[in-house]
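Data file: coords33.txt. Format and content: compact mmCIF, C-alpha atoms.
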# COMPACT_ATOMS: atom_id res chain seq x y z
CA MET A 616 85.68 98.11 67.77
CA ALA A 617 82.74 98.65 70.14
CA THR A 618 81.40 102.16 70.65
CA LEU A 619 81.02 103.59 74.11
CA ASN A 620 77.74 105.08 75.27
CA ILE A 621 77.53 108.35 77.23
CA SER A 622 77.61 106.63 80.63
CA GLU A 623 80.71 104.66 79.69
CA LEU A 624 82.36 107.81 78.34
CA GLU A 625 81.63 109.59 81.62
CA GLN A 626 83.15 106.69 83.53
CA VAL A 627 86.24 106.74 81.33
CA GLU A 628 86.61 110.49 81.89
CA LYS A 629 86.22 110.09 85.66
CA PHE A 630 88.82 107.34 85.61
CA ARG A 631 91.26 109.52 83.66
CA HIS A 632 90.75 112.32 86.18
CA LEU A 633 91.38 109.88 89.02
CA GLN A 634 94.54 108.66 87.28
CA LEU A 635 95.88 112.23 87.12
CA THR A 636 95.12 112.74 90.80
CA LEU A 637 96.83 109.50 91.75
CA ARG A 638 99.84 110.34 89.61
CA ASP A 639 100.26 113.62 91.47
CA ARG A 640 99.89 111.88 94.81
CA TRP A 641 102.36 109.17 93.83
CA LYS A 642 104.96 111.79 92.92
CA THR A 643 104.74 113.14 96.45
CA ILE A 644 104.32 109.86 98.32
CA GLU A 645 107.70 110.34 99.98
CA LEU A 646 106.40 113.61 101.38
CA PHE A 647 103.62 111.86 103.28
CA ASP A 648 106.04 111.13 106.08
CA ASN A 649 106.58 114.87 106.48
CA SER A 650 103.20 116.27 105.52
CA GLU A 651 99.63 115.96 106.69
CA ALA A 652 98.12 112.67 105.57
CA ASP A 653 95.35 110.25 106.39
CA ILE A 654 96.13 106.61 105.67
CA LEU A 655 93.42 103.99 105.29
CA ILE A 656 94.61 100.41 105.73
CA ILE A 657 92.49 97.50 104.55
CA PRO A 658 94.33 94.15 104.81
CA SER A 659 91.88 91.98 102.89
CA LEU A 660 92.54 88.34 102.09
CA SER A 661 90.58 86.45 99.44
CA LEU A 662 91.15 82.75 99.43
CA ASP A 663 88.98 79.76 98.59
CA ARG A 664 87.13 79.02 101.82
CA ARG A 665 88.09 75.35 101.79
CA GLU A 666 91.75 76.32 101.51
CA LEU A 667 91.40 79.05 104.13
CA GLN A 668 90.03 76.57 106.64
CA LYS A 669 93.28 74.59 106.29
CA ILE A 670 95.44 77.53 107.41
CA GLU A 671 96.02 77.58 111.14
CA GLY A 672 95.84 81.11 112.51
CA CYS A 673 94.41 82.65 109.33
CA GLU A 674 92.32 84.99 111.49
CA HIS A 675 95.55 86.87 112.26
CA TYR A 676 96.42 87.64 108.63
CA GLU A 677 94.75 91.04 108.93
CA GLU A 678 97.44 92.01 111.43
CA ARG A 679 100.19 91.72 108.81
CA LEU A 680 100.02 95.43 107.96
CA LEU A 681 100.36 96.63 111.53
CA PHE A 682 103.92 97.66 110.69
CA SER A 683 102.20 100.61 108.96
CA LEU A 684 101.59 102.12 112.38
CA ILE A 685 105.19 103.35 112.10
CA ARG A 686 103.73 106.13 109.92
CA LEU A 687 102.31 107.62 113.11
CA ARG A 688 105.80 108.82 113.97
CA ASN A 689 104.82 111.86 111.92
CA PRO A 690 102.62 113.95 114.26
CA ARG A 691 100.62 115.15 111.24
CA THR A 692 99.59 111.66 110.11
CA ARG A 693 96.31 110.00 111.01
CA LEU A 694 95.72 106.32 110.37
CA VAL A 695 92.51 104.30 109.95
CA TYR A 696 92.98 100.54 110.25
CA VAL A 697 90.02 98.27 109.41
CA THR A 698 89.77 94.63 110.47
CA SER A 699 87.15 91.88 110.57
CA VAL A 700 87.28 91.56 114.34
CA PRO A 701 88.67 94.07 116.83
CA LEU A 702 92.39 93.84 117.49
CA HIS A 703 93.45 93.18 121.05
CA PRO A 704 94.61 96.43 122.71
CA SER A 705 97.91 94.85 123.79
CA ILE A 706 98.81 94.24 120.14
CA ILE A 707 98.24 97.90 119.29
CA ASP A 708 100.10 99.00 122.43
CA TYR A 709 103.08 96.87 121.41
CA TYR A 710 103.39 98.54 117.99
CA LEU A 711 102.83 102.06 119.31
CA GLN A 712 105.53 101.59 121.97
CA LEU A 713 108.01 101.02 119.12
CA LEU A 714 107.62 104.56 117.78
CA PRO A 715 110.85 106.45 118.49
CA GLY A 716 110.40 109.72 120.36
CA ILE A 717 106.60 109.77 120.06
CA PRO A 718 104.48 109.68 123.21
CA PHE A 719 102.21 106.65 123.10
CA SER A 720 99.09 108.73 123.78
CA HIS A 721 99.82 111.12 120.89
CA ALA A 722 100.09 108.28 118.40
CA ARG A 723 97.03 106.51 119.85
CA ASN A 724 94.93 109.66 119.44
CA ARG A 725 95.69 109.69 115.70
CA LEU A 726 94.80 106.03 115.19
CA LEU A 727 91.24 104.96 114.44
CA LEU A 728 90.60 101.23 114.63
CA LEU A 729 87.43 100.04 112.92
CA SER A 730 85.99 96.55 112.70
CA THR A 731 83.21 94.75 110.86
CA TYR A 732 82.67 92.46 113.89
CA ASP A 733 82.42 89.58 111.44
CA SER A 734 84.70 86.58 111.91
CA SER A 735 83.37 84.73 108.86
CA LEU A 736 85.76 83.62 106.12
CA LYS A 737 84.53 86.25 103.65
CA PRO A 738 87.17 88.73 102.46
CA LEU A 739 87.42 91.87 104.56
CA SER A 740 86.79 94.05 101.51
CA GLN A 741 83.46 92.27 100.97
CA LYS A 742 82.52 92.67 104.64
CA ILE A 743 83.19 96.41 104.45
CA LEU A 744 81.17 96.83 101.25
CA GLU A 745 78.23 95.07 102.92
CA ARG A 746 78.19 97.66 105.73
CA PRO A 747 77.12 101.11 104.50
CA ARG A 748 77.44 102.67 107.97
CA LEU A 749 81.02 101.47 108.25
CA LEU A 750 81.77 102.85 104.79
CA GLU A 751 80.30 106.18 105.85
CA ARG A 752 82.36 106.17 109.06
CA ILE A 753 85.52 105.55 107.03
CA HIS A 754 84.57 108.33 104.63
CA GLN A 755 83.96 110.78 107.48
CA ALA A 756 87.26 109.91 109.14
CA LEU A 757 89.32 110.81 106.08
CA ARG A 758 90.30 114.12 104.57
CA LEU A 759 89.96 112.92 101.00
CA ASP A 760 92.38 115.47 99.56
CA LYS A 761 95.06 114.28 102.00
CA SER A 762 94.38 110.55 102.00
CA PHE A 763 95.71 107.39 100.50
CA MET A 764 94.93 103.75 101.01
CA ILE A 765 97.12 100.75 101.62
CA CYS A 766 95.52 97.45 100.68
CA LEU A 767 97.14 94.12 100.80
CA TRP A 768 94.63 92.25 98.76
CA VAL A 769 95.65 88.68 98.31
CA ALA A 770 93.57 86.36 96.17
CA PHE A 771 94.19 82.68 95.75
CA ARG A 772 92.03 79.94 94.40
CA SER A 773 92.33 76.29 95.08
CA LEU A 774 93.92 74.47 92.16
CA ALA A 775 91.00 72.05 92.38
CA SER A 776 88.55 74.89 91.72
CA TRP A 777 90.30 75.82 88.43
CA ASP A 778 88.83 72.82 86.64
Is it possible to express this structure as structure tokens?
Amino acid sequence: MATLNISELEQVEKFRHLQLTLRDRWKTIELFDNSEADILIIPSLSLDRRELQKIEGCEHYEERLLFSLIRLRNPRTRLVYVTSVPLHPSIIDYYLQLLPGIPFSHARNRLLLLSTYDSSLKPLSQKILERPRLLERIHQALRLDKSFMICLWVAFRSLASWD
């Protein structure tokens, strides 16, 4: 069995601490609809570029988590949604108009839309990591003790690339 050095031990301890924090947050996840929460949404898609080029409309895959805007029905929830390219305002308006009993402007004020302004076929998560100012903006927008993240990370590889 390999021995861990001090740095690895520190990382293991940090991970254990994070696990405990996440466990506590998971226990109360159903309370997020009633309590104060910041939700970060990163709909990243990782697919072999040759395969991705075959998919018509793949640039719209990042919109697949827009149903999460329903969380804005809670007036104490704030939402940060990150995409590769800016979403058209009419798309956002459509989803926000579906919120029952919530004035459109109230929900819109609690929604922060961020973009990498990069339409390349790289995964969104990679684009974000390559932009330190965007990472800082995301960090500043969140109250870390009241935040959670929703990621729909999908990774596929071409069967031809498995050789």
Please compute the atom CA of A:Asp653-atom CA of A:Ser683 distance, one decimal, in Å.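 Answer for the atom CA of A:Asp653 to atom CA of A:Ser683 separation: 12.1 Å.
The nearest approach to A:Pro718 among the residues A:Leu635, A:Cys766, A:Leu687, A:Ile656, with only C-alpha atoms taken into account, belongs to A:Leu687.
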Between atom CA of A:Asp760 and atom CA of A:Glu651, what is the distance, to one decimal in Å?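 We find that atom CA of A:Asp760 and atom CA of A:Glu651 lie 10.2 Å from each other.
Of the listed residues A:Met764, A:Ala722, A:Leu711, A:Leu680, the one whose atoms come nearest to A:Pro658 is A:Leu680, with distances taken using all atoms listed in the file.
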So what do you get for atom CA of A:Gly716 versus atom CA of A:Leu684, distance-wise?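 Taking atom CA of A:Gly716 as the start and atom CA of A:Leu684 as the end point, the length is 14.1 Å.
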Could you please give me, as a PDB file with C-alpha atoms, in the coordinates of the input, the residues of protein, DNA or RNA lying at most 12 Å from (103.8, 100.7, 113.4) in the coordinate frame of the file, considering only C-alpha atoms?
ATOM      1  CA  ILE A 656      94.610 100.410 105.730  1.00  0.00           C
ATOM      2  CA  GLU A 678      97.440  92.010 111.430  1.00  0.00           C
ATOM      3  CA  ARG A 679     100.190  91.720 108.810  1.00  0.00           C
ATOM      4  CA  LEU A 680     100.020  95.430 107.960  1.00  0.00           C
ATOM      5  CA  LEU A 681     100.360  96.630 111.530  1.00  0.00           C
ATOM      6  CA  PHE A 682     103.920  97.660 110.690  1.00  0.00           C
ATOM      7  CA  SER A 683     102.200 100.610 108.960  1.00  0.00           C
ATOM      8  CA  LEU A 684     101.590 102.120 112.380  1.00  0.00           C
ATOM      9  CA  ILE A 685     105.190 103.350 112.100  1.00  0.00           C
ATOM     10  CA  ARG A 686     103.730 106.130 109.920  1.00  0.00           C
ATOM     11  CA  LEU A 687     102.310 107.620 113.110  1.00  0.00           C
ATOM     12  CA  ARG A 688     105.800 108.820 113.970  1.00  0.00           C
ATOM     13  CA  ASN A 689     104.820 111.860 111.920  1.00  0.00           C
ATOM     14  CA  LEU A 694      95.720 106.320 110.370  1.00  0.00           C
ATOM     15  CA  TYR A 696      92.980 100.540 110.250  1.00  0.00           C
ATOM     16  CA  ILE A 706      98.810  94.240 120.140  1.00  0.00           C
ATOM     17  CA  ILE A 707      98.240  97.900 119.290  1.00  0.00           C
ATOM     18  CA  ASP A 708     100.100  99.000 122.430  1.00  0.00           C
ATOM     19  CA  TYR A 709     103.080  96.870 121.410  1.00  0.00           C
ATOM     20  CA  TYR A 710     103.390  98.540 117.990  1.00  0.00           C
ATOM     21  CA  LEU A 711     102.830 102.060 119.310  1.00  0.00           C
ATOM     22  CA  GLN A 712     105.530 101.590 121.970  1.00  0.00           C
ATOM     23  CA  LEU A 713     108.010 101.020 119.120  1.00  0.00           C
ATOM     24  CA  LEU A 714     107.620 104.560 117.780  1.00  0.00           C
ATOM     25  CA  PRO A 715     110.850 106.450 118.490  1.00  0.00           C
ATOM     26  CA  ILE A 717     106.600 109.770 120.060  1.00  0.00           C
ATOM     27  CA  PHE A 719     102.210 106.650 123.100  1.00  0.00           C
ATOM     28  CA  ALA A 722     100.090 108.280 118.400  1.00  0.00           C
ATOM     29  CA  ARG A 723      97.030 106.510 119.850  1.00  0.00           C
ATOM     30  CA  LEU A 726      94.800 106.030 115.190  1.00  0.00           C
TER      31      LEU A 726
END
Of the residues A:His632, A:Lys742, A:Lys761, A:Arg725, which is the one nearest to A:Leu660, using all atoms listed in the file?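 Distance minimum relative to A:Leu660 lands on A:Lys742.
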Compile the contact shell of stretch 737-739 of chain A as number ranges by chain: residues with an atom at most 9 Å away, counting all atoms listed in the file, same-chain residues fewer than 6 positions apart removed. A: 657-662, 664, 677, 697-699, 731
For the residues in that selection, give me C-alpha atoms as a CSV table (one decimal), in the frame of the given file.
chain,number,residue,atom,x,y,z
A,657,ILE,CA,92.5,97.5,104.6
A,658,PRO,CA,94.3,94.2,104.8
A,659,SER,CA,91.9,92.0,102.9
A,660,LEU,CA,92.5,88.3,102.1
A,661,SER,CA,90.6,86.4,99.4
A,662,LEU,CA,91.2,82.8,99.4
A,664,ARG,CA,87.1,79.0,101.8
A,677,GLU,CA,94.8,91.0,108.9
A,697,VAL,CA,90.0,98.3,109.4
A,698,THR,CA,89.8,94.6,110.5
A,699,SER,CA,87.2,91.9,110.6
A,731,THR,CA,83.2,94.8,110.9
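Of the residues listed (A:Ile743, A:Leu729, A:Leu624, A:Val695), A:Val695 shows the shortest atom-to-atom separation from A:Arg758; distances use all atoms listed in the file.
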Let me make sure I understand: among A:Leu749, A:Val627, A:Val700, A:Leu759, which one has the smallest atom-to-atom distance to A:Tyr676 if we use all atoms listed in the file?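 When distances to A:Tyr676 are compared using all atoms listed in the file, the smallest one comes from A:Val700.
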Start from the incomplete input, build N, CA and C atoms for stretch 722-740 of chain A, and deliver everything as an mmCIF file, in the frame of the given file.
data_model
loop_
_atom_site.group_PDB
_atom_site.id
_atom_site.type_symbol
_atom_site.label_atom_id
_atom_site.label_comp_id
_atom_site.auth_asym_id
_atom_site.auth_seq_id
_atom_site.Cartn_x
_atom_site.Cartn_y
_atom_site.Cartn_z
ATOM 1 N N ALA A 722 100.284 109.173 119.542
ATOM 2 C CA ALA A 722 100.090 108.280 118.400
ATOM 3 C C ALA A 722 98.715 107.613 118.486
ATOM 4 N N ARG A 723 98.328 107.199 119.672
ATOM 5 C CA ARG A 723 97.030 106.510 119.850
ATOM 6 C C ARG A 723 95.867 107.428 119.475
ATOM 7 N N ASN A 724 95.992 108.713 119.767
ATOM 8 C CA ASN A 724 94.930 109.660 119.440
ATOM 9 C C ASN A 724 94.751 109.857 117.940
ATOM 10 N N ARG A 725 95.757 109.524 117.158
ATOM 11 C CA ARG A 725 95.690 109.690 115.700
ATOM 12 C C ARG A 725 95.424 108.383 114.983
ATOM 13 N N LEU A 726 95.097 107.348 115.740
ATOM 14 C CA LEU A 726 94.800 106.030 115.190
ATOM 15 C C LEU A 726 93.335 105.701 115.418
ATOM 16 N N LEU A 727 92.635 105.385 114.341
ATOM 17 C CA LEU A 727 91.240 104.960 114.440
ATOM 18 C C LEU A 727 91.169 103.511 114.004
ATOM 19 N N LEU A 728 90.755 102.654 114.920
ATOM 20 C CA LEU A 728 90.600 101.230 114.630
ATOM 21 C C LEU A 728 89.121 100.956 114.400
ATOM 22 N N LEU A 729 88.814 100.382 113.256
ATOM 23 C CA LEU A 729 87.430 100.040 112.920
ATOM 24 C C LEU A 729 87.345 98.552 112.640
ATOM 25 N N SER A 730 86.179 97.986 112.893
ATOM 26 C CA SER A 730 85.990 96.550 112.700
ATOM 27 C C SER A 730 84.606 96.280 112.136
ATOM 28 N N THR A 731 84.513 95.190 111.369
ATOM 29 C CA THR A 731 83.210 94.750 110.860
ATOM 30 C C THR A 731 82.495 93.858 111.872
ATOM 31 N N TYR A 732 83.205 93.393 112.900
ATOM 32 C CA TYR A 732 82.670 92.460 113.890
ATOM 33 C C TYR A 732 82.092 91.223 113.196
ATOM 34 N N ASP A 733 82.852 90.718 112.248
ATOM 35 C CA ASP A 733 82.420 89.580 111.440
ATOM 36 C C ASP A 733 83.613 88.643 111.275
ATOM 37 N N SER A 734 83.574 87.515 111.965
ATOM 38 C CA SER A 734 84.700 86.580 111.910
ATOM 39 C C SER A 734 84.532 85.518 110.826
ATOM 40 N N SER A 735 83.573 85.696 109.934
ATOM 41 C CA SER A 735 83.370 84.730 108.860
ATOM 42 C C SER A 735 84.586 84.729 107.926
ATOM 43 N N LEU A 736 84.632 83.760 107.031
ATOM 44 C CA LEU A 736 85.760 83.620 106.120
ATOM 45 C C LEU A 736 85.645 84.483 104.867
ATOM 46 N N LYS A 737 84.647 85.351 104.801
ATOM 47 C CA LYS A 737 84.530 86.250 103.650
ATOM 48 C C LYS A 737 85.687 87.238 103.661
ATOM 49 N N PRO A 738 86.106 87.723 102.504
ATOM 50 C CA PRO A 738 87.170 88.730 102.460
ATOM 51 C C PRO A 738 86.751 90.009 103.189
ATOM 52 N N LEU A 739 87.689 90.633 103.835
ATOM 53 C CA LEU A 739 87.420 91.870 104.560
ATOM 54 C C LEU A 739 86.816 92.931 103.650
ATOM 55 N N SER A 740 87.326 93.052 102.439
ATOM 56 C CA SER A 740 86.790 94.050 101.510
ATOM 57 C C SER A 740 85.297 93.822 101.269
#
